[in-house]
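Below is one structure; the comments refer to it alone.
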Amino acid sequence: MTKVIVMEHPLIQHKIGWIRRIETGSKDFRTLVGEIAMLMCYEATRDLKLSDVEIETPMCRTTVKELRGKKLAIVPILRAGLGMVDGMLNMIPAAKVGHIGLYRDPETKKPIEYYCKLPEDCSEREVFVVDPMLATGGSAAEAIQMLKDKGVKNIRYMCIIAAPEGVKRMQESHPDVEVYIGALDDHLNEDCYIVPGLGDAGDRIFGTK
C-alpha cells in the first residue's frame with residue numbers, strides 16, 4: 001500500500017493558507033509555492049542515507065556526514081510543477097531536472113502526453129515527481145508510469161494539495177511510490193477541481209486564464 005504522508009508542519013500549513021486566498025496575486029503565489037516546496041523537500045528527504053567522510057577544518061581533521069547512495073532528480077509535471085522546482089533546488093542544488101508535459105483532455109478528463117525530457121542517468125537516480133495539485137490522480141499516475149517505463153525504480157511524488165480521489169488513484173496505480181502531501185482536501189467537484197483547493201495552480205503561478 002502506498003505510503004501517504006500529510007505534512008503538518010506549521011510553516012507549511014500557514015503558507016498553504018495564503019496560496020488558497022483568492023486575493024493572493026501571481027507574484028506572491030509563485031514565491032509561496034517555492035517556499036512550500038522547499039519546506040516539503042526538507043521533510044521528504046529525512047530518510048536519505050549518510051556516509052562518514054573525513055575532512056580538514058581550519059582547526060583539525062574531523063569526520064562529517066555527507067549524502068550517499070543514489071543521486072537525486074526533480075521531475076515537474078508541466079506546467080504547474082515548474083513552480084516547485086526552484087524551491088527544491090534551493091535544498092538539493094546538485095539534483096538534475098527533467099520535465100514531463102501532460103494536459104487534461106477537457107472532455108474525458110484523462111491526461112495526454114506532449115513532452116518528456118529526462119536526465120540521461122535518470123534510471124540511476126532517486127526521482128521526485130512534483131506537481132502542486134493531485135486531483136483525479138490521472139496525470140500523476142501517467143507521469144510515474146512513464147518514468148517506470150524508462151527504468152526508473154526509486155520514485156517519490158510530492159504535491160501541495162490533494163483530493164482523496166487522487167490519493168486513491170495513486171494507491172491503486174503505484175503502491176510502491178511514497179506520496180507527500182501538504183494538505184489533504186475534501187473532494188473533487190463536477191469539473192474535477194479540488195475543493196476547497198485554490199483554483200488552477202498553473203494559471204495562478206503564471207498569471208494566465
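Convention: chains lettered A, B, ... in C-alpha cells order; per-chain residue numbering from 1; ligands numbered from 1 as shown.
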
Write out as a PDB file with C-alpha atoms, in the first residue's frame all residues of region 7-209 of chain A that DSSP puts in strand (DSSP E or B) for this structure's backbone.
ATOM      1  CA  LEU A  50      24.504   9.472   5.014  1.00  0.00           C
ATOM      2  CA  SER A  51      28.154   8.427   4.939  1.00  0.00           C
ATOM      3  CA  ASP A  52      31.044   9.392   7.204  1.00  0.00           C
ATOM      4  CA  VAL A  53      33.668  11.465   5.376  1.00  0.00           C
ATOM      5  CA  GLU A  54      36.977  12.644   6.800  1.00  0.00           C
ATOM      6  CA  ILE A  55      37.785  16.295   6.119  1.00  0.00           C
ATOM      7  CA  GLU A  56      40.086  19.027   7.356  1.00  0.00           C
ATOM      8  CA  ARG A  61      40.880  16.810  10.839  1.00  0.00           C
ATOM      9  CA  THR A  62      37.416  15.516  11.660  1.00  0.00           C
ATOM     10  CA  THR A  63      34.638  13.274  10.393  1.00  0.00           C
ATOM     11  CA  VAL A  64      31.447  14.776   8.919  1.00  0.00           C
ATOM     12  CA  LYS A  65      28.305  13.461   7.256  1.00  0.00           C
ATOM     13  CA  GLU A  66      27.596  13.532   3.520  1.00  0.00           C
ATOM     14  CA  LEU A  67      24.712  12.204   1.461  1.00  0.00           C
ATOM     15  CA  LYS A  71      21.759  10.804  -6.787  1.00  0.00           C
ATOM     16  CA  LEU A  72      18.570  12.857  -6.940  1.00  0.00           C
ATOM     17  CA  ALA A  73      16.409  14.227  -9.743  1.00  0.00           C
ATOM     18  CA  ILE A  74      13.376  16.520  -9.759  1.00  0.00           C
ATOM     19  CA  VAL A  75      10.750  15.955 -12.449  1.00  0.00           C
ATOM     20  CA  PRO A  76       7.943  18.531 -12.525  1.00  0.00           C
ATOM     21  CA  ILE A  77       4.721  17.788 -14.378  1.00  0.00           C
ATOM     22  CA  LEU A  78       4.318  20.746 -16.746  1.00  0.00           C
ATOM     23  CA  LYS A  96      19.174  17.211 -12.052  1.00  0.00           C
ATOM     24  CA  VAL A  97      15.851  18.322 -13.502  1.00  0.00           C
ATOM     25  CA  HIS A  99      10.293  17.569 -17.440  1.00  0.00           C
ATOM     26  CA  ILE A 100       7.101  15.697 -18.262  1.00  0.00           C
ATOM     27  CA  GLY A 101       4.370  17.512 -20.176  1.00  0.00           C
ATOM     28  CA  LEU A 102       0.780  16.341 -19.728  1.00  0.00           C
ATOM     29  CA  TYR A 103      -2.523  18.103 -20.174  1.00  0.00           C
ATOM     30  CA  ARG A 104      -6.011  17.043 -19.191  1.00  0.00           C
ATOM     31  CA  PRO A 111      -4.059  13.026 -19.287  1.00  0.00           C
ATOM     32  CA  ILE A 112      -2.443  13.368 -22.703  1.00  0.00           C
ATOM     33  CA  GLU A 113       1.347  13.411 -23.052  1.00  0.00           C
ATOM     34  CA  TYR A 114       3.000  16.113 -25.142  1.00  0.00           C
ATOM     35  CA  TYR A 115       6.582  16.277 -23.800  1.00  0.00           C
ATOM     36  CA  CYS A 116       9.132  14.172 -21.930  1.00  0.00           C
ATOM     37  CA  LYS A 117      12.790  15.084 -21.385  1.00  0.00           C
ATOM     38  CA  ARG A 125      18.595   8.444  -9.552  1.00  0.00           C
ATOM     39  CA  GLU A 126      16.005   8.818  -6.837  1.00  0.00           C
ATOM     40  CA  VAL A 127      13.317  10.869  -8.567  1.00  0.00           C
ATOM     41  CA  PHE A 128      10.907  13.357  -7.013  1.00  0.00           C
ATOM     42  CA  VAL A 129       7.874  13.915  -9.259  1.00  0.00           C
ATOM     43  CA  VAL A 130       6.309  17.262  -8.332  1.00  0.00           C
ATOM     44  CA  MET A 133      -2.236  19.600  -7.239  1.00  0.00           C
ATOM     45  CA  LEU A 134      -3.219  15.910  -7.065  1.00  0.00           C
ATOM     46  CA  ASN A 154      13.069   4.905  -6.989  1.00  0.00           C
ATOM     47  CA  ILE A 155      10.234   7.427  -7.226  1.00  0.00           C
ATOM     48  CA  ARG A 156       8.566   9.759  -4.734  1.00  0.00           C
ATOM     49  CA  TYR A 157       5.616  12.012  -5.522  1.00  0.00           C
ATOM     50  CA  MET A 158       5.125  15.420  -3.933  1.00  0.00           C
ATOM     51  CA  CYS A 159       2.121  17.746  -4.171  1.00  0.00           C
ATOM     52  CA  ILE A 160       0.919  20.733  -2.175  1.00  0.00           C
ATOM     53  CA  ILE A 161      -2.819  19.939  -2.173  1.00  0.00           C
ATOM     54  CA  ALA A 162      -4.505  16.589  -2.837  1.00  0.00           C
ATOM     55  CA  GLU A 178       5.632   7.329  -1.476  1.00  0.00           C
ATOM     56  CA  VAL A 179       3.243  10.298  -1.659  1.00  0.00           C
ATOM     57  CA  TYR A 180       3.979  13.545   0.209  1.00  0.00           C
ATOM     58  CA  ILE A 181       1.073  15.965   0.599  1.00  0.00           C
ATOM     59  CA  GLY A 182       0.926  19.462   2.050  1.00  0.00           C
ATOM     60  CA  ALA A 183      -2.832  19.384   2.671  1.00  0.00           C
ATOM     61  CA  LEU A 184      -5.497  16.743   2.033  1.00  0.00           C
ATOM     62  CA  HIS A 187     -13.361  16.267  -2.617  1.00  0.00           C
ATOM     63  CA  LEU A 188     -13.423  16.991  -6.366  1.00  0.00           C
ATOM     64  CA  ILE A 194     -10.166  20.205  -5.775  1.00  0.00           C
ATOM     65  CA  VAL A 195     -12.496  21.673  -3.118  1.00  0.00           C
TER      66      VAL A 195
END

Find the spatial neighbours of Gly138 (chain A), counting only C-alpha atoms, within a cut-off of 9 Å - ignore same-chain residues fewer than 2 positions away - and output them as a PDB file with N, CA and C atoms, in the first residue's frame.
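Output saved as around_33.pdb:
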ATOM      1  N   ARG A 104      -4.772  17.785 -19.420  1.00  0.00           N
ATOM      2  CA  ARG A 104      -6.011  17.043 -19.191  1.00  0.00           C
ATOM      3  C   ARG A 104      -7.008  17.339 -20.296  1.00  0.00           C
ATOM      4  N   LYS A 109     -11.265  14.169 -19.313  1.00  0.00           N
ATOM      5  CA  LYS A 109     -10.516  14.435 -18.071  1.00  0.00           C
ATOM      6  C   LYS A 109      -9.267  13.554 -17.945  1.00  0.00           C
ATOM      7  N   LYS A 110      -8.899  12.857 -19.013  1.00  0.00           N
ATOM      8  CA  LYS A 110      -7.730  11.971 -18.965  1.00  0.00           C
ATOM      9  C   LYS A 110      -6.483  12.714 -19.437  1.00  0.00           C
ATOM     10  N   PRO A 111      -5.299  12.333 -18.908  1.00  0.00           N
ATOM     11  CA  PRO A 111      -4.059  13.026 -19.287  1.00  0.00           C
ATOM     12  C   PRO A 111      -3.567  12.625 -20.669  1.00  0.00           C
ATOM     13  N   LEU A 134      -2.881  17.298  -6.754  1.00  0.00           N
ATOM     14  CA  LEU A 134      -3.219  15.910  -7.065  1.00  0.00           C
ATOM     15  C   LEU A 134      -4.739  15.825  -7.037  1.00  0.00           C
ATOM     16  N   ALA A 135      -5.359  15.935  -8.210  1.00  0.00           N
ATOM     17  CA  ALA A 135      -6.819  15.979  -8.297  1.00  0.00           C
ATOM     18  C   ALA A 135      -7.372  14.582  -8.564  1.00  0.00           C
ATOM     19  N   THR A 136      -7.558  14.231  -9.830  1.00  0.00           N
ATOM     20  CA  THR A 136      -8.020  12.876 -10.142  1.00  0.00           C
ATOM     21  C   THR A 136      -6.906  11.851  -9.973  1.00  0.00           C
ATOM     22  N   ALA A 140      -0.576  12.331 -12.504  1.00  0.00           N
ATOM     23  CA  ALA A 140       0.489  11.816 -11.649  1.00  0.00           C
ATOM     24  C   ALA A 140       0.762  10.348 -11.950  1.00  0.00           C
ATOM     25  N   ALA A 141      -0.295   9.552 -12.054  1.00  0.00           N
ATOM     26  CA  ALA A 141      -0.135   8.127 -12.327  1.00  0.00           C
ATOM     27  C   ALA A 141       0.514   7.906 -13.691  1.00  0.00           C
ATOM     28  N   GLU A 142       0.105   8.703 -14.675  1.00  0.00           N
ATOM     29  CA  GLU A 142       0.674   8.565 -16.027  1.00  0.00           C
ATOM     30  C   GLU A 142       2.142   8.967 -16.044  1.00  0.00           C
ATOM     31  N   ALA A 143       2.491  10.072 -15.369  1.00  0.00           N
ATOM     32  CA  ALA A 143       3.878  10.529 -15.330  1.00  0.00           C
ATOM     33  C   ALA A 143       4.776   9.489 -14.666  1.00  0.00           C
ATOM     34  N   GLY A 166      -7.588  11.487  -5.799  1.00  0.00           N
ATOM     35  CA  GLY A 166      -6.247  11.365  -6.364  1.00  0.00           C
ATOM     36  C   GLY A 166      -5.368  10.437  -5.555  1.00  0.00           C
ATOM     37  N   ARG A 169      -6.313   6.920  -6.366  1.00  0.00           N
ATOM     38  CA  ARG A 169      -5.777   6.514  -7.676  1.00  0.00           C
ATOM     39  C   ARG A 169      -4.299   6.146  -7.567  1.00  0.00           C
ATOM     40  N   MET A 170      -3.536   6.930  -6.819  1.00  0.00           N
ATOM     41  CA  MET A 170      -2.118   6.638  -6.642  1.00  0.00           C
ATOM     42  C   MET A 170      -1.914   5.330  -5.893  1.00  0.00           C
TER      43      MET A 170
END

- [ ] Measuring atom to atom with only C-alpha atoms, identify which of A:Gly34, A:Asp28, A:Ala201, A:Ser173 is nearest to Ile12 (chain A).
- [x]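 Checking each candidate against Ile12 (chain A), we get A:Gly34 as the closest.
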